[in-house]
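Step one of this worksheet: look at the structure below.
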Amino acid sequence: MNINDFSLDFFSLRGKRAIVTGGNSGLGRAFATALARAGADVFIPTLAEDGGETAALVRQSGVRYAEVLLDITAPGAADAIVERCVSELGGIDILVNSAGICHIADFEAFGRPQWDPMIAVNLTAAFELSQAVGRHMIDRGSGKIINIASLFAFLGGLGSPAYAATKHGIAGLTRAHADELGRHNIQVNAIAPGYFRTAITAETRSDPVLDARIVDHTPAGRWGDPVDLMGMTVFLASSASDFVTGQVLAVDGGYLVR
């Protein structure tokens with residue numbers, strides 16, 4: 001392949017099938033919508049009946065939407081998701097491990113009741129689903145796995161050691177799987193979002209002191225909007241990133257450079 005072969009079709013996801021965990025809320029909705037706008041069918045494991053706004057956004061893009069009701073941390077969930085997605089959409093080309101939770105507590109109060117569910121959702125479920133989807137991708141000879149990390153894959157985790165631990169873990173898992181799966185033409189990367197305008201950050205943004213602290217530390221001078229993540233998602237899911245693997249790519253408005 002040479003430079004004359006390149007076109008914007010490298011970014012097209014037409015005919016691709018994507019699983020997005022956590023795709024019915026928060027940043028996960030932006031990931032799912034971005035993939036749909038680029039042409040991919042979208043499959044979402046969910047705890048809530050009816051995909052609601054995400055389902056509507058996906059279908060408005062002229063592609064298929066499918067879902068399965070289950071807890072991604074339940075035994076056997078990963079295999080069930082793969083089986084259902086293959087049955088509904090015909091295959092799996094892209095996996096986005098976006099589901100995540102964050103419990104906050106002071107050092108002395110942060111115990112196993114906070115730690116265990118975060119490890120299960122944020123890290124173990126991503127590992128199990130990557131492995132189950134990875135087997136399918138190996139058989140097909142290609143695939144894209146996108147893990148959602150965080151700035152806290154690079155920083156500490158004031159108030160939530162489990163969040164920091166899981167996001168550091170996601171970074172390590174990304175590199176390990178990239179190393180193992182590269183020979184099968186499967187690229188594994190992570191997106192590390194900075195501070196974004198979502199429901200989960202509403203309380204912080206409503207505090208003038210905290211809001212100013214974050215904005216002042218960000219060279220872009222603002223909070224991120226979910227749309228700021230959509231281009232990176234399409235890039236990492238598309239043929240344009242076929243020689244990019246094992247990377248943890250911050251989308252943070254420059255927060256980490258200060």
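Labels for the structure tokens follow display order: chains A, B, ..., residues from 1 in each chain, ligands from 1.
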With a cut-off of 9 Å, could you pull out the residues of segment 76-182 of chain A touching segment 30-50 of chain A and give me the nearest pair of atoms for each, distance in Å to one decimal, using only C-alpha atoms, ordered by chain and ascending number, as a tab-separated table?
residue	atom	partner	partner_atom	distance
A:Ile81	CA	A:Pro45	CA	6.9
A:Cys85	CA	A:Phe43	CA	6.4
A:Glu88	CA	A:Phe43	CA	8.5
A:Leu89	CA	A:Asp41	CA	7.4
A:Ile94	CA	A:Ala40	CA	8.9
A:Val96	CA	A:Phe31	CA	7.9
A:Ser98	CA	A:Phe31	CA	8.3
Check: Could you pull out the strand (DSSP E) residues of segment 33-246 of chain A from DSSP and send them as a PyMOL selection string?
Finding: chain A and resi 41-46+65-69+94-97+143-148+186-193
How would the residues just chosen look if you wrote them out with C-alpha atoms as a PDB file, in the first residue's frame?
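Final output, selection-v3.pdb:
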ATOM      1  CA  ASP A  41     -24.072  -1.214  13.587  1.00  0.00           C
ATOM      2  CA  VAL A  42     -24.138  -0.959  17.387  1.00  0.00           C
ATOM      3  CA  PHE A  43     -24.812  -3.575  20.064  1.00  0.00           C
ATOM      4  CA  ILE A  44     -25.146  -2.558  23.715  1.00  0.00           C
ATOM      5  CA  PRO A  45     -25.257  -4.753  26.831  1.00  0.00           C
ATOM      6  CA  THR A  46     -27.522  -2.909  29.268  1.00  0.00           C
ATOM      7  CA  TYR A  65     -29.153  -1.106  16.931  1.00  0.00           C
ATOM      8  CA  ALA A  66     -29.419  -4.195  19.130  1.00  0.00           C
ATOM      9  CA  GLU A  67     -29.079  -4.827  22.849  1.00  0.00           C
ATOM     10  CA  VAL A  68     -29.115  -7.523  25.491  1.00  0.00           C
ATOM     11  CA  LEU A  69     -30.355  -7.127  29.061  1.00  0.00           C
ATOM     12  CA  ILE A  94     -15.135  -3.371  17.241  1.00  0.00           C
ATOM     13  CA  LEU A  95     -15.327  -3.519  21.027  1.00  0.00           C
ATOM     14  CA  VAL A  96     -15.487  -0.413  23.216  1.00  0.00           C
ATOM     15  CA  ASN A  97     -15.105  -1.169  26.928  1.00  0.00           C
ATOM     16  CA  GLY A 143     -10.468  -6.339  14.996  1.00  0.00           C
ATOM     17  CA  LYS A 144     -10.345  -3.177  17.069  1.00  0.00           C
ATOM     18  CA  ILE A 145     -10.572  -3.038  20.864  1.00  0.00           C
ATOM     19  CA  ILE A 146     -10.896   0.394  22.477  1.00  0.00           C
ATOM     20  CA  ASN A 147     -10.697   0.586  26.258  1.00  0.00           C
ATOM     21  CA  ILE A 148     -11.804   3.699  28.108  1.00  0.00           C
ATOM     22  CA  ILE A 186      -6.095  -6.806  16.116  1.00  0.00           C
ATOM     23  CA  GLN A 187      -5.314  -3.327  17.412  1.00  0.00           C
ATOM     24  CA  VAL A 188      -5.911  -2.534  21.087  1.00  0.00           C
ATOM     25  CA  ASN A 189      -5.812   1.062  22.317  1.00  0.00           C
ATOM     26  CA  ALA A 190      -7.279   3.174  25.100  1.00  0.00           C
ATOM     27  CA  ILE A 191      -8.815   6.630  25.249  1.00  0.00           C
ATOM     28  CA  ALA A 192      -8.135   8.573  28.433  1.00  0.00           C
ATOM     29  CA  PRO A 193     -10.767  11.324  28.737  1.00  0.00           C
TER      30      PRO A 193
END
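Picture a line from atom CA of Ile101 of chain A to atom CA of Tyr163 of chain A; it runs 8.0 Å.
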Note to self: Given only C-alpha atoms as the basis, pick out the residue of A:Arg140, A:Lys167, A:Arg59, A:His177 nearest to Leu123 of chain A.
What the structure shows: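 Residue with the minimum atom-to-atom distance to Leu123 of chain A: A:Lys167.
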Next item on the list: Would you please give, as a ChimeraX atom specification, all residues of segment 128-160 of chain A that DSSP assigns to helix (DSSP H, G or I) based on the backbone?
Entry: /A:128-140,151-153
How about saving the chosen residues, C-alpha atoms kept, as a PDB file, in the first residue's frame?
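To be explicit, this is the file written out as out22.pdb:
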ATOM      1  CA  GLU A 128     -13.477 -10.894  30.274  1.00  0.00           C
ATOM      2  CA  LEU A 129     -15.237  -9.238  27.353  1.00  0.00           C
ATOM      3  CA  SER A 130     -11.949  -8.440  25.602  1.00  0.00           C
ATOM      4  CA  GLN A 131     -10.981 -12.089  25.889  1.00  0.00           C
ATOM      5  CA  ALA A 132     -14.338 -13.372  24.620  1.00  0.00           C
ATOM      6  CA  VAL A 133     -14.477 -10.878  21.736  1.00  0.00           C
ATOM      7  CA  GLY A 134     -10.778 -11.373  21.054  1.00  0.00           C
ATOM      8  CA  ARG A 135     -11.318 -15.078  20.340  1.00  0.00           C
ATOM      9  CA  HIS A 136     -13.904 -14.137  17.729  1.00  0.00           C
ATOM     10  CA  MET A 137     -11.581 -11.523  16.220  1.00  0.00           C
ATOM     11  CA  ILE A 138      -8.674 -13.974  16.075  1.00  0.00           C
ATOM     12  CA  ASP A 139     -10.816 -16.361  14.045  1.00  0.00           C
ATOM     13  CA  ARG A 140     -11.687 -13.506  11.644  1.00  0.00           C
ATOM     14  CA  LEU A 151      -6.620  10.939  33.285  1.00  0.00           C
ATOM     15  CA  PHE A 152      -6.444   8.847  36.435  1.00  0.00           C
ATOM     16  CA  ALA A 153      -4.482   6.249  34.486  1.00  0.00           C
TER      17      ALA A 153
END
Check: Using only C-alpha atoms, which residues sit within 7 Å of segment 2-10 of chain A once same-chain residues fewer than 4 positions away are excluded, as a list in words?
Finding: Ser238, Ser239 and Ala240 of chain A
Item checked: Test item: residues at most 9 Å from Ile119 of chain A, only C-alpha atoms, excluding those fewer than 2 positions along its chain, as a list in words -> Trp115, Asp116, Pro117, Val121, Asn122, Leu123, Thr124, Ala125, Ala162, Tyr163, Ala165 and Thr166 of chain A
Notebook entry, point to check: How many Å lie between atom CA of Asp179 of chain A and atom CA of Glu83 of chain A, rounded to one decimal?
Noted result: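 Between these atoms lies a distance of 25.7 Å.
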Any idea what's packed within 7 Å of Gly159 of chain A, counting only C-alpha atoms, ignoring anything in its chain fewer than 4 positions away? Could you give it as a compact mmCIF listing (two decimals) with N, CA and C atoms, in the first residue's frame?
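Final output, part.txt:
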# COMPACT_ATOMS: atom_id res chain seq x y z
N ILE A 104 -16.93 7.40 45.75
CA ILE A 104 -16.03 8.34 46.43
C ILE A 104 -16.21 8.21 47.93
N ALA A 105 -15.10 8.16 48.64
CA ALA A 105 -15.14 8.14 50.10
C ALA A 105 -13.77 8.54 50.64
N ASP A 106 -13.74 9.04 51.87
CA ASP A 106 -12.47 9.37 52.51
C ASP A 106 -11.64 8.10 52.70
N PHE A 107 -10.34 8.27 52.87
CA PHE A 107 -9.42 7.15 52.97
C PHE A 107 -9.88 6.11 53.98
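One distance worth recording is that between atom CA of Arg64 of chain A and atom CA of Asn24 of chain A, which is 15.1 Å.
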Next item on the list: Could you check which of A:Val248, A:Ala149, A:Met230, A:Val215 is closest to Arg175 of chain A, using only C-alpha atoms?
Entry: A:Val248
